[in-house]
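Asks: Below you'll find upload-v7.txt; it's compact mmCIF, C-alpha atoms and all ligand atoms.
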```txt
# COMPACT_ATOMS: atom_id res chain seq x y z
CA MET K 1 -32.49 62.42 -63.72
CA ALA K 2 -34.52 65.60 -63.23
CA MET K 3 -35.02 67.52 -66.45
CA SER K 4 -35.30 71.28 -66.64
CA CYS K 5 -38.08 72.78 -68.76
CA ASP K 6 -36.62 76.26 -68.52
CA HIS K 7 -36.30 78.38 -71.63
CA PRO K 8 -33.97 81.33 -72.24
CA ASP K 9 -36.71 83.18 -74.17
CA LEU K 10 -38.98 83.73 -71.16
CA LEU K 11 -39.76 87.39 -70.48
CA PRO K 12 -37.89 88.89 -67.47
CA LEU K 13 -40.18 90.05 -64.69
CA GLU K 14 -39.10 93.70 -64.94
CA GLU K 15 -39.96 93.76 -68.65
CA ALA K 16 -43.38 92.19 -68.00
CA LEU K 17 -44.09 94.77 -65.30
CA ARG K 18 -43.01 97.58 -67.65
CA ARG K 19 -45.23 96.32 -70.47
CA LEU K 20 -48.21 96.14 -68.17
CA TRP K 21 -47.60 99.66 -66.86
CA GLU K 22 -47.23 101.15 -70.32
CA ALA K 23 -50.23 99.35 -71.83
CA LEU K 24 -52.67 100.70 -69.26
CA PRO K 25 -54.08 104.23 -69.47
CA ALA K 26 -53.44 106.55 -66.54
CA PRO K 27 -56.18 109.10 -65.87
CA ALA K 28 -55.38 112.50 -67.40
CA THR K 29 -54.39 115.04 -64.78
CA ALA K 30 -54.21 118.77 -65.43
CA GLU K 31 -51.54 120.98 -63.91
CA VAL K 32 -52.19 122.49 -60.50
CA ARG K 33 -51.59 126.23 -59.98
CA ALA K 34 -51.92 128.34 -56.85
CA ASP K 35 -55.20 130.27 -56.89
CA ARG K 36 -53.79 132.80 -54.39
CA ASP K 37 -50.65 133.39 -52.37
CA ASP K 38 -49.97 130.58 -49.93
CA PRO K 39 -50.33 131.55 -47.14
CA ALA K 40 -52.71 134.25 -48.36
CA ALA K 41 -51.80 136.43 -45.34
CA ASP K 42 -49.01 136.53 -42.75
CA ARG K 43 -49.97 133.87 -40.19
CA ALA K 44 -49.00 132.82 -36.70
CA ALA K 45 -46.94 129.62 -36.59
CA MET K 46 -47.22 129.34 -32.77
CA ASP K 47 -49.77 130.02 -30.04
CA GLY K 48 -48.67 133.22 -28.23
CA VAL K 49 -48.98 136.97 -28.67
CA ALA K 50 -48.64 139.04 -31.84
CA LEU K 51 -46.66 142.23 -31.27
CA ARG K 52 -44.34 144.90 -32.64
CA SER K 53 -40.80 143.53 -32.40
CA ALA K 54 -39.30 147.03 -32.35
CA ASP K 55 -40.61 147.58 -28.80
CA GLY K 56 -38.34 144.89 -27.34
CA ARG K 57 -39.26 143.53 -23.91
CA ALA K 58 -41.55 146.39 -22.87
CA PRO K 59 -44.84 145.20 -21.28
CA ARG K 60 -47.86 145.25 -23.60
CA ARG K 61 -51.57 145.47 -22.90
CA ILE K 62 -53.47 142.52 -24.42
CA LEU K 63 -56.18 143.86 -26.72
CA GLY K 64 -57.98 140.53 -27.22
CA THR K 65 -57.61 137.13 -28.87
CA LEU K 66 -57.41 136.07 -32.51
CA PHE K 67 -58.28 132.49 -33.44
CA ALA K 68 -57.52 130.82 -36.77
CA GLY K 69 -60.12 131.94 -39.30
CA GLU K 70 -60.95 135.24 -37.59
CA ASP K 71 -60.57 138.54 -39.41
CA PRO K 72 -57.47 140.30 -37.95
CA ALA K 73 -58.81 143.74 -38.98
CA ALA K 74 -60.68 143.74 -35.64
CA PHE K 75 -57.38 144.78 -33.99
CA ARG K 76 -54.54 147.20 -34.58
CA VAL K 77 -51.30 146.56 -32.72
CA ALA K 78 -49.35 149.70 -31.73
CA THR K 79 -46.58 150.42 -29.22
CA GLY K 80 -47.66 149.16 -25.79
CA THR K 81 -50.25 146.68 -27.09
CA CYS K 82 -50.38 143.12 -28.38
CA VAL K 83 -52.99 140.51 -29.33
CA ARG K 84 -53.21 136.98 -28.01
CA ILE K 85 -53.03 134.77 -31.12
CA MET K 86 -53.52 131.10 -31.95
CA THR K 87 -51.59 129.07 -34.54
CA GLY K 88 -52.96 129.65 -38.02
CA ALA K 89 -54.58 133.02 -37.28
CA ALA K 90 -53.68 135.92 -39.58
CA LEU K 91 -51.46 138.58 -37.99
CA PRO K 92 -53.28 141.75 -36.91
CA PRO K 93 -52.18 144.98 -38.62
CA GLY K 94 -49.15 146.51 -36.91
CA ALA K 95 -47.77 143.20 -35.57
CA ASP K 96 -44.65 141.68 -37.13
CA ALA K 97 -43.69 138.89 -34.72
CA ILE K 98 -45.12 136.22 -32.43
CA VAL K 99 -43.77 135.40 -28.97
CA PRO K 100 -44.90 131.88 -27.98
CA VAL K 101 -46.76 131.33 -24.69
CA GLU K 102 -43.74 129.45 -23.34
CA GLN K 103 -41.70 132.68 -23.55
CA LEU K 104 -44.06 135.09 -21.85
CA SER K 105 -46.01 135.67 -18.65
CA GLU K 106 -49.18 137.62 -18.04
CA ALA K 107 -49.95 140.11 -15.27
CA GLU K 108 -52.98 142.40 -14.94
CA GLY K 109 -53.97 142.08 -18.58
CA ALA K 110 -50.44 142.73 -19.84
CA ALA K 111 -48.02 140.40 -21.58
CA LEU K 112 -44.41 140.35 -20.32
CA VAL K 113 -42.08 138.86 -22.89
CA GLN K 114 -38.93 137.06 -21.75
CA VAL K 115 -37.11 137.20 -25.10
CA ASP K 116 -35.99 139.89 -27.52
CA PRO K 117 -38.49 139.50 -30.36
CA LYS K 118 -37.23 139.86 -33.90
CA SER K 119 -39.35 140.81 -36.89
CA GLY K 120 -40.76 137.64 -38.51
CA ASP K 121 -40.33 135.41 -35.44
CA HIS K 122 -42.81 132.50 -35.66
CA VAL K 123 -44.62 134.09 -38.57
CA ARG K 124 -45.41 132.22 -41.79
CA PRO K 125 -45.18 135.11 -44.23
CA ARG K 126 -47.67 135.62 -47.02
CA GLY K 127 -46.63 133.75 -50.17
CA GLU K 128 -43.92 131.76 -48.34
CA GLN K 129 -44.99 128.53 -50.06
CA ALA K 130 -46.40 129.79 -53.34
CA ARG K 131 -47.35 132.91 -55.24
CA ALA K 132 -50.78 133.22 -56.91
CA GLY K 133 -50.62 131.60 -60.37
CA GLY K 134 -47.44 129.65 -59.58
CA LEU K 135 -47.13 126.06 -60.88
CA LEU K 136 -47.49 123.60 -58.00
CA LEU K 137 -47.79 120.29 -59.90
CA PRO K 138 -47.21 119.67 -63.61
CA ALA K 139 -49.83 117.96 -65.80
CA GLY K 140 -49.66 114.20 -65.38
CA ALA K 141 -48.25 114.29 -61.84
CA PRO K 142 -49.20 111.25 -59.75
CA LEU K 143 -52.64 111.49 -58.13
CA THR K 144 -51.34 110.88 -54.63
CA ALA K 145 -53.34 111.59 -51.50
CA ALA K 146 -51.07 114.59 -50.92
CA ALA K 147 -51.92 115.85 -54.42
CA ALA K 148 -55.64 115.45 -53.63
CA GLY K 149 -55.09 117.62 -50.57
CA LEU K 150 -53.24 120.22 -52.62
CA ARG K 151 -56.00 120.32 -55.25
CA ALA K 152 -58.54 120.91 -52.51
CA GLN K 153 -56.32 123.65 -51.05
CA VAL K 154 -56.31 125.60 -54.31
CA GLY K 155 -60.04 125.13 -54.86
CA LEU K 156 -59.95 122.44 -57.57
CA PRO K 157 -62.52 119.63 -57.55
CA VAL K 158 -61.37 116.37 -55.98
CA ALA K 159 -63.26 113.20 -56.83
CA ALA K 160 -64.33 111.09 -53.86
CA PRO K 161 -61.89 108.17 -53.47
CA VAL K 162 -63.11 104.97 -55.08
CA ARG K 163 -61.79 101.44 -55.04
CA LEU K 164 -61.15 100.03 -58.49
CA ARG K 165 -63.32 97.04 -59.31
CA VAL K 166 -61.63 93.68 -59.72
CA ASP K 167 -63.42 90.49 -60.75
CA VAL K 168 -61.96 87.18 -59.57
CA ALA K 169 -62.73 83.94 -61.39
CA SER K 170 -61.11 80.54 -61.00
CA THR K 171 -61.03 78.05 -63.86
CA GLY K 172 -61.05 74.29 -63.81
CA ASP K 173 -63.49 71.37 -63.76
CA GLU K 174 -61.63 69.94 -60.75
CA LEU K 175 -62.91 72.66 -58.42
CA VAL K 176 -65.82 71.51 -56.26
CA ALA K 177 -67.10 72.34 -52.78
CA ASP K 178 -67.01 68.77 -51.50
CA PRO K 179 -64.06 67.15 -53.25
CA ALA K 180 -63.44 63.46 -53.92
CA PRO K 181 -59.70 62.56 -53.81
CA HIS K 182 -59.31 63.42 -57.50
CA GLN K 183 -60.89 66.84 -57.01
CA ILE K 184 -59.97 69.97 -55.02
CA ARG K 185 -61.64 72.95 -53.41
CA ASP K 186 -61.20 76.38 -54.97
CA SER K 187 -58.56 77.99 -52.78
CA ASN K 188 -57.38 80.53 -55.36
CA GLY K 189 -60.72 82.32 -55.64
CA PRO K 190 -61.03 83.30 -51.94
CA MET K 191 -57.27 83.91 -51.70
CA LEU K 192 -57.13 86.26 -54.68
CA ALA K 193 -60.29 88.06 -53.54
CA ALA K 194 -58.70 88.64 -50.12
CA LEU K 195 -55.45 89.80 -51.71
CA ALA K 196 -57.17 92.19 -54.14
CA HIS K 197 -59.18 93.62 -51.25
CA ALA K 198 -56.02 94.05 -49.18
CA LEU K 199 -54.46 95.87 -52.15
CA GLY K 200 -57.33 98.34 -52.16
CA ALA K 201 -59.67 96.96 -54.82
CA GLU K 202 -63.42 96.46 -54.68
CA VAL K 203 -63.68 92.76 -55.31
CA ARG K 204 -66.39 90.63 -56.85
CA ARG K 205 -66.15 86.85 -57.00
CA ARG K 206 -67.44 85.45 -60.29
CA PRO K 207 -68.58 81.86 -60.67
CA SER K 208 -65.76 79.41 -61.45
CA LEU K 209 -65.26 78.90 -65.17
CA PRO K 210 -65.42 75.44 -66.70
CA ASP K 211 -62.63 74.07 -68.90
CA ASP K 212 -64.65 74.87 -71.99
CA PRO K 213 -63.63 77.49 -74.59
CA GLU K 214 -67.18 78.64 -75.33
CA ALA K 215 -68.10 79.15 -71.70
CA LEU K 216 -64.78 80.89 -71.15
CA ALA K 217 -65.33 83.23 -74.09
CA LYS K 218 -68.80 84.10 -72.84
CA ALA K 219 -67.57 84.83 -69.33
CA LEU K 220 -64.71 86.97 -70.61
CA GLN K 221 -67.16 89.14 -72.50
CA ALA K 222 -69.61 89.62 -69.64
CA PRO K 223 -71.10 93.09 -70.21
CA ASP K 224 -70.87 94.01 -66.53
CA GLY K 225 -67.20 93.05 -66.26
CA ALA K 226 -64.83 95.03 -64.05
CA PRO K 227 -61.79 96.91 -65.48
CA ILE K 228 -59.58 94.11 -64.15
CA LEU K 229 -60.30 90.39 -64.27
CA LEU K 230 -58.11 88.03 -62.27
CA THR K 231 -58.33 84.46 -63.45
CA SER K 232 -56.37 81.52 -62.16
CA GLY K 233 -55.52 78.35 -64.06
CA GLY K 234 -55.77 77.36 -67.71
CA VAL K 235 -52.74 79.29 -69.01
CA SER K 236 -50.15 76.54 -69.36
CA MET K 237 -49.62 73.75 -71.88
CA GLY K 238 -52.39 71.36 -70.84
CA GLU K 239 -55.16 70.29 -73.19
CA HIS K 240 -57.64 72.19 -71.04
CA ASP K 241 -55.55 75.34 -70.84
CA HIS K 242 -57.82 77.39 -73.09
CA LEU K 243 -57.41 80.92 -71.80
CA PRO K 244 -54.58 82.09 -74.14
CA SER K 245 -56.28 80.84 -77.32
CA VAL K 246 -59.73 82.07 -76.29
CA LEU K 247 -58.33 85.52 -75.59
CA ALA K 248 -56.50 85.52 -78.93
CA ASP K 249 -59.70 84.43 -80.75
CA LEU K 250 -61.58 87.30 -79.11
CA GLY K 251 -59.02 89.74 -80.53
CA ALA K 252 -57.36 90.51 -77.20
CA THR K 253 -53.92 92.11 -77.16
CA ILE K 254 -51.61 89.72 -75.36
CA LEU K 255 -49.21 91.90 -73.36
CA PHE K 256 -47.13 88.91 -72.35
CA HIS K 257 -47.44 85.18 -71.84
CA ARG K 258 -44.77 83.19 -70.02
CA ILE K 259 -42.30 84.98 -67.82
CA ARG K 260 -38.91 84.25 -66.37
CA LEU K 261 -39.96 83.52 -62.81
CA LYS K 262 -40.49 80.48 -60.63
CA PRO K 263 -43.32 80.18 -59.86
CA GLY K 264 -45.04 82.02 -62.65
CA LYS K 265 -43.79 80.66 -65.94
CA PRO K 266 -47.21 80.57 -67.67
CA MET K 267 -48.28 84.02 -66.38
CA LEU K 268 -50.39 85.90 -68.92
CA ALA K 269 -51.65 89.47 -69.24
CA ALA K 270 -53.98 90.67 -71.97
CA LEU K 271 -56.15 93.64 -72.87
CA LEU K 272 -59.62 92.65 -74.01
CA GLY K 273 -61.11 95.95 -75.15
CA ASP K 274 -60.44 98.23 -72.21
CA ARG K 275 -60.42 95.40 -69.68
CA LEU K 276 -57.24 93.92 -68.31
CA VAL K 277 -57.15 90.16 -67.89
CA LEU K 278 -54.44 88.89 -65.56
CA GLY K 279 -54.28 85.17 -66.31
CA LEU K 280 -52.59 83.81 -63.21
CA PRO K 281 -51.16 80.29 -63.16
CA GLY K 282 -53.38 77.77 -61.40
CA ASN K 283 -50.91 76.53 -58.80
CA PRO K 284 -51.87 78.48 -55.67
CA VAL K 285 -48.41 79.80 -54.74
CA SER K 286 -47.90 80.92 -58.31
CA ALA K 287 -51.36 82.53 -58.44
CA TYR K 288 -50.69 84.37 -55.18
CA LEU K 289 -47.21 85.65 -55.99
CA ASN K 290 -48.02 86.75 -59.50
CA ALA K 291 -51.13 88.57 -58.31
CA MET K 292 -48.95 90.23 -55.67
CA LEU K 293 -46.51 91.33 -58.37
CA PHE K 294 -48.85 92.42 -61.16
CA LEU K 295 -52.10 93.56 -59.57
CA PRO K 296 -50.60 96.51 -57.60
CA VAL K 297 -49.01 97.78 -60.82
CA ALA K 298 -52.33 97.68 -62.67
CA LEU K 299 -54.23 99.28 -59.79
CA ALA K 300 -51.65 102.05 -59.40
CA ARG K 301 -51.50 102.82 -63.10
CA LEU K 302 -55.28 102.96 -63.58
CA GLN K 303 -55.57 105.25 -60.56
CA GLY K 304 -52.82 107.60 -61.72
CA LEU K 305 -50.44 106.67 -58.90
CA ARG K 306 -46.69 106.02 -58.95
CA PRO K 307 -45.43 102.53 -59.86
CA PRO K 308 -45.56 100.58 -56.58
CA ASP K 309 -42.48 99.00 -55.06
CA PRO K 310 -43.62 96.07 -52.92
CA TRP K 311 -40.08 94.81 -52.22
CA ARG K 312 -38.25 94.83 -48.91
CA THR K 313 -34.65 93.95 -48.22
CA ALA K 314 -33.49 91.38 -45.67
CA THR K 315 -30.63 89.01 -44.91
CA LEU K 316 -30.88 85.35 -45.76
CA ALA K 317 -30.38 83.26 -42.61
CA ALA K 318 -29.64 80.02 -44.48
CA ARG K 319 -28.62 78.88 -47.92
CA VAL K 320 -31.31 78.49 -50.62
CA LYS K 321 -30.60 76.45 -53.73
CA ASN K 322 -31.90 77.36 -57.17
CA LYS K 323 -30.91 74.83 -59.77
CA GLY K 324 -33.19 76.24 -62.46
CA ASP K 325 -32.51 79.15 -64.77
CA ARG K 326 -35.43 81.28 -63.58
CA PRO K 327 -35.22 83.51 -60.48
CA LEU K 328 -37.06 81.80 -57.66
CA LEU K 329 -39.39 83.29 -55.06
CA HIS K 330 -38.86 81.18 -51.96
CA PRO K 331 -41.18 81.33 -48.90
CA CYS K 332 -39.45 82.39 -45.66
CA ARG K 333 -40.19 83.44 -42.11
CA LEU K 334 -39.02 87.00 -41.45
CA ARG K 335 -37.57 87.58 -37.97
CA ASP K 336 -35.60 90.72 -37.02
CA GLY K 337 -34.65 91.43 -40.62
CA GLU K 338 -33.52 87.83 -41.23
CA LEU K 339 -35.22 85.55 -43.73
CA HIS K 340 -35.46 81.95 -42.56
CA PRO K 341 -36.22 79.74 -45.58
CA LEU K 342 -39.09 77.29 -45.15
CA PRO K 343 -38.96 73.81 -46.68
CA SER K 344 -41.32 74.59 -49.57
CA LYS K 345 -42.61 71.86 -51.85
CA GLY K 346 -43.09 74.26 -54.75
CA SER K 347 -45.84 76.18 -56.41
CA GLY K 348 -48.67 73.94 -55.19
CA ASP K 349 -47.55 74.22 -51.54
CA LEU K 350 -50.07 76.64 -50.09
CA VAL K 351 -49.38 75.27 -46.59
CA THR K 352 -45.87 76.72 -46.61
CA LEU K 353 -46.90 79.98 -48.26
CA ALA K 354 -49.58 80.55 -45.61
CA GLN K 355 -46.91 80.05 -42.90
CA ALA K 356 -44.49 82.45 -44.60
CA ASP K 357 -44.01 86.16 -43.96
CA ALA K 358 -42.20 86.93 -47.21
CA CYS K 359 -40.76 85.27 -50.30
CA ALA K 360 -37.07 85.79 -51.02
CA TRP K 361 -35.78 86.46 -54.52
CA ILE K 362 -33.19 83.79 -55.30
CA GLU K 363 -31.24 84.15 -58.52
CA PRO K 364 -30.29 81.03 -60.51
CA GLY K 365 -27.37 79.31 -58.80
CA GLY K 366 -28.80 79.91 -55.34
CA LEU K 367 -27.67 82.14 -52.50
CA GLU K 368 -25.63 81.57 -49.36
CA ALA K 369 -26.52 82.52 -45.79
CA GLY K 370 -25.74 86.15 -45.09
CA ALA K 371 -26.70 87.36 -48.56
CA LYS K 372 -28.76 90.55 -48.73
CA VAL K 373 -31.86 89.77 -50.77
CA ARG K 374 -35.05 91.47 -51.77
CA CYS K 375 -38.25 89.85 -50.63
CA LEU K 376 -41.96 90.17 -51.32
CA PRO K 377 -44.14 90.34 -48.20
CA VAL K 378 -46.94 87.79 -47.86
CA VAL K 379 -49.95 89.91 -46.97
N1 LIG W 401 -45.95 70.75 -70.02
C1 LIG W 401 -46.01 71.76 -69.16
N2 LIG W 401 -46.77 71.63 -68.10
C2 LIG W 401 -46.82 72.63 -67.19
C3 LIG W 401 -46.04 73.79 -67.37
C4 LIG W 401 -45.25 73.90 -68.53
O1 LIG W 401 -44.56 74.91 -68.78
N3 LIG W 401 -45.27 72.86 -69.39
N4 LIG W 401 -46.08 74.77 -66.44
C5 LIG W 401 -46.36 74.32 -65.09
C6 LIG W 401 -46.52 75.43 -64.25
S1 LIG W 401 -45.12 76.31 -63.88
C7 LIG W 401 -47.69 75.77 -63.67
S2 LIG W 401 -47.78 77.05 -62.55
C8 LIG W 401 -48.93 75.09 -63.98
C9 LIG W 401 -49.96 76.18 -64.29
O2 LIG W 401 -50.87 75.72 -65.17
P1 LIG W 401 -52.23 76.46 -65.42
O3 LIG W 401 -52.15 77.89 -65.10
O4 LIG W 401 -52.65 76.09 -66.76
O5 LIG W 401 -53.14 75.89 -64.29
P2 LIG W 401 -53.97 74.53 -64.25
O6 LIG W 401 -53.29 73.54 -65.08
O7 LIG W 401 -55.34 74.86 -64.50
O8 LIG W 401 -53.72 74.19 -62.73
C10 LIG W 401 -52.47 73.96 -62.17
C11 LIG W 401 -52.64 73.40 -60.79
O9 LIG W 401 -53.31 74.33 -59.97
C12 LIG W 401 -54.50 73.79 -59.42
N5 LIG W 401 -55.53 74.82 -59.37
C13 LIG W 401 -56.08 75.44 -60.43
N6 LIG W 401 -57.02 76.30 -60.01
C14 LIG W 401 -57.07 76.22 -58.68
C15 LIG W 401 -57.85 76.87 -57.68
N7 LIG W 401 -58.77 77.78 -58.01
N8 LIG W 401 -57.66 76.56 -56.39
C16 LIG W 401 -56.71 75.62 -56.07
N9 LIG W 401 -55.92 74.99 -56.97
C17 LIG W 401 -56.11 75.28 -58.25
C18 LIG W 401 -54.88 72.72 -60.42
O10 LIG W 401 -55.74 71.77 -59.89
C19 LIG W 401 -53.52 72.16 -60.79
O11 LIG W 401 -53.07 71.28 -59.79
O12 LIG W 401 -48.76 74.23 -65.06
C20 LIG W 401 -47.57 73.42 -65.00
N10 LIG W 401 -47.60 72.50 -66.08
O1 LIG W 402 -44.12 78.53 -62.41
MO1 LIG W 402 -45.39 77.49 -62.00
O2 LIG W 402 -46.07 79.02 -61.84
O3 LIG W 402 -44.04 76.94 -61.09
O4 LIG W 402 -45.96 76.91 -60.56
```
The structure given in the file should be rewritten as structure tokens.

Replies:
Amino acid sequence: MAMSCDHPDLLPLEEALRRLWEALPAPATAEVRADRDDPAADRAAMDGVALRSADGRAPRRILGTLFAGEDPAAFRVATGTCVRIMTGAALPPGADAIVPVEQLSEAEGAALVQVDPKSGDHVRPRGEQARAGGLLLPAGAPLTAAAAGLRAQVGLPVAAPVRLRVDVASTGDELVADPAPHQIRDSNGPMLAALAHALGAEVRRRPSLPDDPEALAKALQAPDGAPILLTSGGVSMGEHDHLPSVLADLGATILFHRIRLKPGKPMLAALLGDRLVLGLPGNPVSAYLNAMLFLPVALARLQGLRPPDPWRTATLAARVKNKGDRPLLHPCRLRDGELHPLPSKGSGDLVTLAQADACAWIEPGGLEAGAKVRCLPVV
């Protein structure tokens, strides 16, 4: 009879994700205030002519052209005149409306408007978006790309975008380039490097670590280590699973070890000084999925971004069993919003994972065809 090794005390995934988020420091961000009115002058919102609306449809002599960035003081619009104007240009003195090119014709240097212009038509008025000194973003707001643009707009410095550095190291004496039947190649190292790169990190592969506590301790303390170290293997109950005890001996803060997820039970996260160690389980599907769950959270937090939400929703096309008491991530093909479960052999089955588009979240007890489920894309 199959025996279950599940335990009720395993940490739920959401709690593990929350602990990781809260343990990592986000960069401090000051509030953002408008340095001047936005827009700083009345501006054209359309290409056309700038004119006095009070003069209705009367023909107007075109005094010249104003492009975005040009000083409008070169012109003065009075009754019987107008200025050709391009989107973004400041309105010339005297003008209070824009008539777009589509609504006018030109004859002998005069503009003939085909509409009754109203004051403010197609004008972005000064201060429409913000007044000088107004609060645009509070301190601690996420450092999104849009926020970077806003900082630049108000004249604040914006650091050049950088990719966070992530080191990737596999563990295990069984990993060799040319394996005998009792050995294997290192698939996790290249896989996790590719995943971390796809998630926006600058990746460095470190040499594989032997199943030896001293060598492990030395590697963990490498002076040139990246802010995040992804390891795989050596976190479970085996006699060579040294990572948890080595980290504890080095004084690391263990954020969590062992979570309520299949695959991923032995997942570990620790802070060693200011470096985060994500100790991924060695089984390749487990290493992949747990990296996919935890690495984006760490990257986002350290870069001052919002917590990421990698989940999608889809309909299960066929029943998936889950006899355990951990939620299961099951590899599926995704076609037209339907998840077609693949016959996975478990957390060592990299063949099936590589053929999958997404992994469906299956609660204990299993799910029937037609159920709406969340799923994690395989990138
Ligand atoms: N008595 C128990 N045994 C195990 C438990 C448990 O709770 N009690 N958990 C099982 C689960 S779940 C997993 S997952 C594995 C994870 O163990 P480790 O993280 O300690 O990983 P290893 O034992 O080092 O390796 C597991 C498996 O993965 C292969 N592996 C490791 N590294 C790589 C790599 N870089 N590329 C490809 N494959 C790799 C390794 O050869 C093993 O086959 O533990 C269960 N056992
Ligand atoms: O949970 Mo392990 O991570 O099943 O393979």

Asks: Between K:Gly251, K:Pro263, K:Pro327, K:Pro161, which residue has the minimum interatomic distance to ligand LIG 401 (chain W), considering only C-alpha atoms and all ligand atoms?

Replies: K:Pro263

Asks: Just how far from CA of Leu230 in chain K is CA of Asp173 in chain K, in Å to one decimal?

Replies: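 Between these atoms lies a distance of 17.6 Å.
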
Asks: Figure out the distance between CA of Pro117 in chain K and CA of Leu51 in chain K, please, to one decimal in Å.

Replies: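 The value is 8.7 Å.
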
Asks: My list of candidates is K:Ala369, K:Ala34, K:Ile259, K:Ala354. Which is closest to Leu328 in chain K when distances are computed with all atoms listed in the file?

Replies: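 Closest candidate: K:Ile259.
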
Asks: Pick out the residues no farther than 7 Å from ligand LIG 401 (chain W), counting all atoms listed in the file, and list them as number ranges by chain.

Replies: K: 5, 170-172, 174-175, 184-189, 232-238, 241, 263-266, 280-284, 286, 347-348

Asks: Calculated over only C-alpha atoms, which of the candidates K:Gly48, K:Val162, K:Ala139, K:Arg61 has the smallest distance to Val101 in chain K?

Replies: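 Between K:Gly48, K:Val162, K:Ala139, K:Arg61, the residue approaching Val101 in chain K most closely is K:Gly48.
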